[in-house]
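Trainee: Structure in structure tokens, see below.
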Amino acid sequence: MTTEHHLAAPPSGGAAPRQERPPGRRRSARKAPDPKAARRRSLRYRLDTKYSPYGFISPFFLFFAAFGLFPLLFTGWAALHRSRLHAPTDMEWAGLHNFTRLLQDEFFWNSLKNTFLIGMISTVPQLLMALGLAHLLNYKLRASNFWRVALLTPYATSVAAATLVFALLYGRDYGMINWALGLVGIDNIDWQTGDWVSKFAVSTIVIWRWTGYNTLIYLAAMQAVPSDLYESAAIDGASRWKQFIYVTIPSLRPTILFTVVVSTIGAMQLFGEPLLFGSGADGGPSHQFQTIGLYMYQIGWFNYNLGRASAIAWMMFLILILIGLINWALTKWVNRASGIGKGASS
């Protein structure tokens with residue numbers, strides 16, 4: 001049995017009851033847009049889109065101006081004056097006297113020669129080893145990620161910690177390297193007082209720290225070489241060695257040039273390794289491994305001659321500019337030899 005429910009009809013002659021709209025659905029009265037507020041919002045939008053990018057990049061330029069540009073300009077101004085470190089604001093105009101005296105200083109030329117020799121001894125084996133290791137890692141190896149991280153570990157190691165460990169290894173009486181040489185009948189070598197042996201010891205620290213870093217740079221460049229070149233060379237019967245010589249090396253010319261320039265700049269700025277290896281700014285008893293960075297440190301912080309130290313800093317800066325110009329000329333020559341830009345000219 002079903003029960004029907006009928007809605008009661010409104011009384012005759014009466015109007016139907018008005019349904020109330022829920023409070024949340026009531027329409028609010030819309031105000032006419034204010035043209036002044038619209039113009040202000042439009043102006044703020046235009047200013048935001050125009051000047052916000054400059055605000056985002058401004059921290060870099062502010063820090064560069066405070067810690068890069070200002071020290072460079074102040075050093076150049078101090079290089080033209082006679083100034084002492086304990087009274088840097090008491091300057092006496094000297095013109096180019098600090099530079100002319102520097103060119104006549106035998107210790108400056110000795111430090112420049114040592115910097116060049118240590119840079120050569122450390123850069124050439126370092127880049128050759130990095131190139132070979134990158135070639136090995138370019139092929140499929142087990143635990144390849146582990147080897148890549150292991151190669152980058154020396155770069156992440158503190159300069160002070162690495163140099164102190166190497167100083168213990170190269171100890172004259174109890175060093176492990178002299179102990180190993182004694183097993184084959186070679187007498188103990190005084191690595192910190194010899195001429196070439198001290199340069200070699202400092203260079204090994206640089207090689208150990210930077211080989212893995214350059215290896216990863218070469219590895220990234222090798223992985224960008226098209227695989228079609230290797231497949232074509234393999235079809236022609238080229239071995240892996242010939243593929244490395246005739247395919248990999250020509251493809252890495254710009255990268256090799258980049259690492260050479262960066263390593264040369266790093267050699268010019270070599271400071272921590274020789275300082276801690278020799279336990280002083282002299283670079284050995286006869287200044288045999290005193291770099292130009294150590295010589296600047298000695299003149300400025302031990303002799304308190306701020307003017308001459310500033311002149312040395314600007315000489316380093318000019319040498320780095322010269323290296324940059326050589327890099328630009330070599331890059332242009334490599335691009336011309338590789339045929340880059342011929343398609344556009346033809």
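Going through the structure tokens in order, the chains are called A, B, and so on, while each chain numbers its residues from 1 and the ligands are numbered from 1 in the order shown.
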Which residues, written as a list of chain:residue names, have at least one atom at most 9 Å from region 152-156 of chain A, with only C-alpha atoms counted and residues fewer than 5 positions away on the same chain left out?

Mentor: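 My list of contacting residues is A:Trp147, A:Ala162, A:Trp208, A:Arg209, A:Trp210, A:Thr211, A:Gly212, A:Tyr213, A:Thr215, A:Leu216.
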
Trainee: Can you check which parts of region 164-225 of chain A lie within 12 Å of region 277-280 of chain A? Per residue, the shortest pair of atoms and distance in Å to one decimal, counting only C-alpha atoms, sorted by chain and number, as CSV.

Mentor:
```
residue,atom,partner,partner_atom,distance
A:Leu164,CA,A:Phe277,CA,6.8
A:Val165,CA,A:Phe277,CA,9.4
A:Phe166,CA,A:Phe277,CA,7.8
A:Ala167,CA,A:Phe277,CA,5.7
A:Leu168,CA,A:Phe277,CA,9.3
A:Leu169,CA,A:Phe277,CA,10.9
A:Tyr170,CA,A:Phe277,CA,9.4
A:Gly171,CA,A:Phe277,CA,10.4
A:Asp190,CA,A:Gly278,CA,11.9
A:Trp191,CA,A:Gly278,CA,9.8
A:Gln192,CA,A:Gly278,CA,6.5
A:Thr193,CA,A:Gly278,CA,8.9
A:Gly194,CA,A:Gly278,CA,11.6
A:Ser198,CA,A:Gly278,CA,9.1
A:Lys199,CA,A:Phe277,CA,10.6
A:Phe200,CA,A:Phe277,CA,11.8
A:Ala201,CA,A:Phe277,CA,8.8
A:Val202,CA,A:Phe277,CA,7.3
A:Ser203,CA,A:Phe277,CA,11.0
A:Thr204,CA,A:Phe277,CA,11.5
A:Ile205,CA,A:Phe277,CA,9.5
A:Val206,CA,A:Phe277,CA,11.8
```

Trainee: Which polymer residues have any atom within 12 Å of an atom of region 112-118 of chain A, counting only C-alpha atoms, with same-chain residues fewer than 5 positions away left out, as a ChimeraX atom specification?

Mentor: /A:102-103,105-107,123-126,195-207,263-271,273-274,283-284,286-296,312,315-316,319

Trainee: For those residues, write C-alpha atoms to a file as a PDB file, in the first residue's frame.

Mentor:
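Result file is selection-v1.pdb:
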```pdb
ATOM      1  CA  LEU A 102     109.269  45.804  -9.953  1.00  0.00           C
ATOM      2  CA  LEU A 103     110.731  45.207 -13.407  1.00  0.00           C
ATOM      3  CA  ASP A 105     113.479  43.206  -8.991  1.00  0.00           C
ATOM      4  CA  GLU A 106     115.174  39.824  -9.402  1.00  0.00           C
ATOM      5  CA  PHE A 107     112.812  38.218  -6.885  1.00  0.00           C
ATOM      6  CA  THR A 123      99.187  21.487 -16.376  1.00  0.00           C
ATOM      7  CA  VAL A 124     100.550  19.190 -19.082  1.00  0.00           C
ATOM      8  CA  PRO A 125     100.432  15.861 -17.144  1.00  0.00           C
ATOM      9  CA  GLN A 126      97.162  16.882 -15.520  1.00  0.00           C
ATOM     10  CA  ASP A 195     115.214  23.117  -6.741  1.00  0.00           C
ATOM     11  CA  TRP A 196     113.412  20.903  -9.232  1.00  0.00           C
ATOM     12  CA  VAL A 197     112.234  18.334  -6.706  1.00  0.00           C
ATOM     13  CA  SER A 198     110.363  21.013  -4.736  1.00  0.00           C
ATOM     14  CA  LYS A 199     108.678  22.267  -7.913  1.00  0.00           C
ATOM     15  CA  PHE A 200     107.736  18.698  -8.748  1.00  0.00           C
ATOM     16  CA  ALA A 201     106.315  18.114  -5.255  1.00  0.00           C
ATOM     17  CA  VAL A 202     104.126  21.232  -5.422  1.00  0.00           C
ATOM     18  CA  SER A 203     103.008  20.259  -8.918  1.00  0.00           C
ATOM     19  CA  THR A 204     101.847  16.831  -7.748  1.00  0.00           C
ATOM     20  CA  ILE A 205      99.472  18.504  -5.289  1.00  0.00           C
ATOM     21  CA  VAL A 206      97.956  20.540  -8.119  1.00  0.00           C
ATOM     22  CA  ILE A 207      97.737  17.473 -10.346  1.00  0.00           C
ATOM     23  CA  SER A 263      94.619  25.817 -15.961  1.00  0.00           C
ATOM     24  CA  THR A 264      97.072  28.546 -16.966  1.00  0.00           C
ATOM     25  CA  ILE A 265      95.031  31.150 -15.113  1.00  0.00           C
ATOM     26  CA  GLY A 266      94.882  28.850 -12.095  1.00  0.00           C
ATOM     27  CA  ALA A 267      98.660  28.404 -12.210  1.00  0.00           C
ATOM     28  CA  MET A 268      99.121  32.186 -12.196  1.00  0.00           C
ATOM     29  CA  GLN A 269      97.032  32.364  -9.028  1.00  0.00           C
ATOM     30  CA  LEU A 270      98.784  29.447  -7.291  1.00  0.00           C
ATOM     31  CA  PHE A 271      99.077  30.343  -3.621  1.00  0.00           C
ATOM     32  CA  GLU A 273      99.835  24.817  -2.114  1.00  0.00           C
ATOM     33  CA  PRO A 274     103.333  26.395  -2.067  1.00  0.00           C
ATOM     34  CA  GLY A 283     108.878  29.488  -1.061  1.00  0.00           C
ATOM     35  CA  GLY A 284     111.823  27.519   0.264  1.00  0.00           C
ATOM     36  CA  SER A 286     116.322  29.876  -1.795  1.00  0.00           C
ATOM     37  CA  HIS A 287     112.872  30.931  -3.048  1.00  0.00           C
ATOM     38  CA  GLN A 288     112.939  27.979  -5.412  1.00  0.00           C
ATOM     39  CA  PHE A 289     109.162  27.477  -5.467  1.00  0.00           C
ATOM     40  CA  GLN A 290     107.971  30.969  -4.557  1.00  0.00           C
ATOM     41  CA  THR A 291     105.156  31.855  -6.959  1.00  0.00           C
ATOM     42  CA  ILE A 292     104.072  35.345  -7.888  1.00  0.00           C
ATOM     43  CA  GLY A 293     101.122  35.051  -5.532  1.00  0.00           C
ATOM     44  CA  LEU A 294     103.460  34.203  -2.643  1.00  0.00           C
ATOM     45  CA  TYR A 295     105.764  37.081  -3.555  1.00  0.00           C
ATOM     46  CA  MET A 296     102.847  39.535  -3.508  1.00  0.00           C
ATOM     47  CA  ILE A 312     102.369  43.065  -8.353  1.00  0.00           C
ATOM     48  CA  MET A 315     101.008  42.900 -13.143  1.00  0.00           C
ATOM     49  CA  MET A 316      99.212  39.591 -12.535  1.00  0.00           C
ATOM     50  CA  ILE A 319      99.321  38.930 -17.561  1.00  0.00           C
TER      51      ILE A 319
END
```

Trainee: Do you know which residues are at most 9 Å from region 223-237 of chain A counting only C-alpha atoms, after dropping those on the same chain fewer than 2 positions away, and could you put them as a PDB file with N, CA and C atoms, in the first residue's frame?

Mentor:
```pdb
ATOM      1  N   ASN A 138      84.189   7.129 -20.779  1.00  0.00           N
ATOM      2  CA  ASN A 138      83.206   7.340 -21.838  1.00  0.00           C
ATOM      3  C   ASN A 138      82.592   6.022 -22.307  1.00  0.00           C
ATOM      4  N   TYR A 218      86.075  16.931 -19.784  1.00  0.00           N
ATOM      5  CA  TYR A 218      86.326  16.193 -21.021  1.00  0.00           C
ATOM      6  C   TYR A 218      85.261  15.129 -21.253  1.00  0.00           C
ATOM      7  N   LEU A 219      84.810  14.486 -20.192  1.00  0.00           N
ATOM      8  CA  LEU A 219      83.785  13.455 -20.330  1.00  0.00           C
ATOM      9  C   LEU A 219      82.481  14.046 -20.861  1.00  0.00           C
ATOM     10  N   ALA A 220      82.101  15.204 -20.344  1.00  0.00           N
ATOM     11  CA  ALA A 220      80.884  15.855 -20.841  1.00  0.00           C
ATOM     12  C   ALA A 220      81.021  16.235 -22.312  1.00  0.00           C
ATOM     13  N   ALA A 221      82.209  16.676 -22.712  1.00  0.00           N
ATOM     14  CA  ALA A 221      82.412  17.018 -24.122  1.00  0.00           C
ATOM     15  C   ALA A 221      82.421  15.770 -25.005  1.00  0.00           C
ATOM     16  N   SER A 239      90.544   1.208 -35.040  1.00  0.00           N
ATOM     17  CA  SER A 239      90.549   0.686 -33.674  1.00  0.00           C
ATOM     18  C   SER A 239      90.134   1.790 -32.702  1.00  0.00           C
ATOM     19  N   ARG A 240      90.028   1.419 -31.429  1.00  0.00           N
ATOM     20  CA  ARG A 240      89.643   2.422 -30.438  1.00  0.00           C
ATOM     21  C   ARG A 240      90.690   3.522 -30.312  1.00  0.00           C
ATOM     22  N   LYS A 242      92.691   4.607 -32.732  1.00  0.00           N
ATOM     23  CA  LYS A 242      92.563   5.509 -33.884  1.00  0.00           C
ATOM     24  C   LYS A 242      91.296   6.354 -33.795  1.00  0.00           C
ATOM     25  N   GLN A 243      90.231   5.778 -33.255  1.00  0.00           N
ATOM     26  CA  GLN A 243      89.024   6.587 -33.048  1.00  0.00           C
ATOM     27  C   GLN A 243      89.299   7.721 -32.071  1.00  0.00           C
ATOM     28  N   TYR A 246      91.658  10.296 -34.118  1.00  0.00           N
ATOM     29  CA  TYR A 246      91.131  10.956 -35.316  1.00  0.00           C
ATOM     30  C   TYR A 246      89.677  11.415 -35.181  1.00  0.00           C
ATOM     31  N   VAL A 247      88.997  10.980 -34.128  1.00  0.00           N
ATOM     32  CA  VAL A 247      87.605  11.393 -33.944  1.00  0.00           C
ATOM     33  C   VAL A 247      87.439  12.211 -32.663  1.00  0.00           C
ATOM     34  N   THR A 248      87.930  11.651 -31.545  1.00  0.00           N
ATOM     35  CA  THR A 248      87.700  12.308 -30.260  1.00  0.00           C
ATOM     36  C   THR A 248      88.506  13.590 -30.122  1.00  0.00           C
ATOM     37  N   SER A 251      87.308  16.566 -32.153  1.00  0.00           N
ATOM     38  CA  SER A 251      86.027  17.071 -31.651  1.00  0.00           C
ATOM     39  C   SER A 251      86.173  17.830 -30.349  1.00  0.00           C
ATOM     40  N   LEU A 252      87.256  17.600 -29.613  1.00  0.00           N
ATOM     41  CA  LEU A 252      87.452  18.244 -28.314  1.00  0.00           C
ATOM     42  C   LEU A 252      88.388  19.438 -28.369  1.00  0.00           C
TER      43      LEU A 252
END
```

Trainee: Could you pull out all residues of region 33-281 of chain A with a DSSP call of alpha helix (DSSP H) and give them as a PyMOL selection string?

Mentor: chain A and resi 35-64+70-78+97-103+106-137+144-156+159-169+176-183+196-223+227-235+240-243+249-251+253-268+272-278

Trainee: What gap, in Å, lies between CA of Ile249 (chain A) and CA of Tyr139 (chain A)?

Mentor: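 Taking CA of Ile249 (chain A) and CA of Tyr139 (chain A), their separation equals 15.7 Å.
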
Trainee: Separation of CA of Phe302 (chain A) and CA of Ala160 (chain A), in Å?

Mentor: 20.8 Å
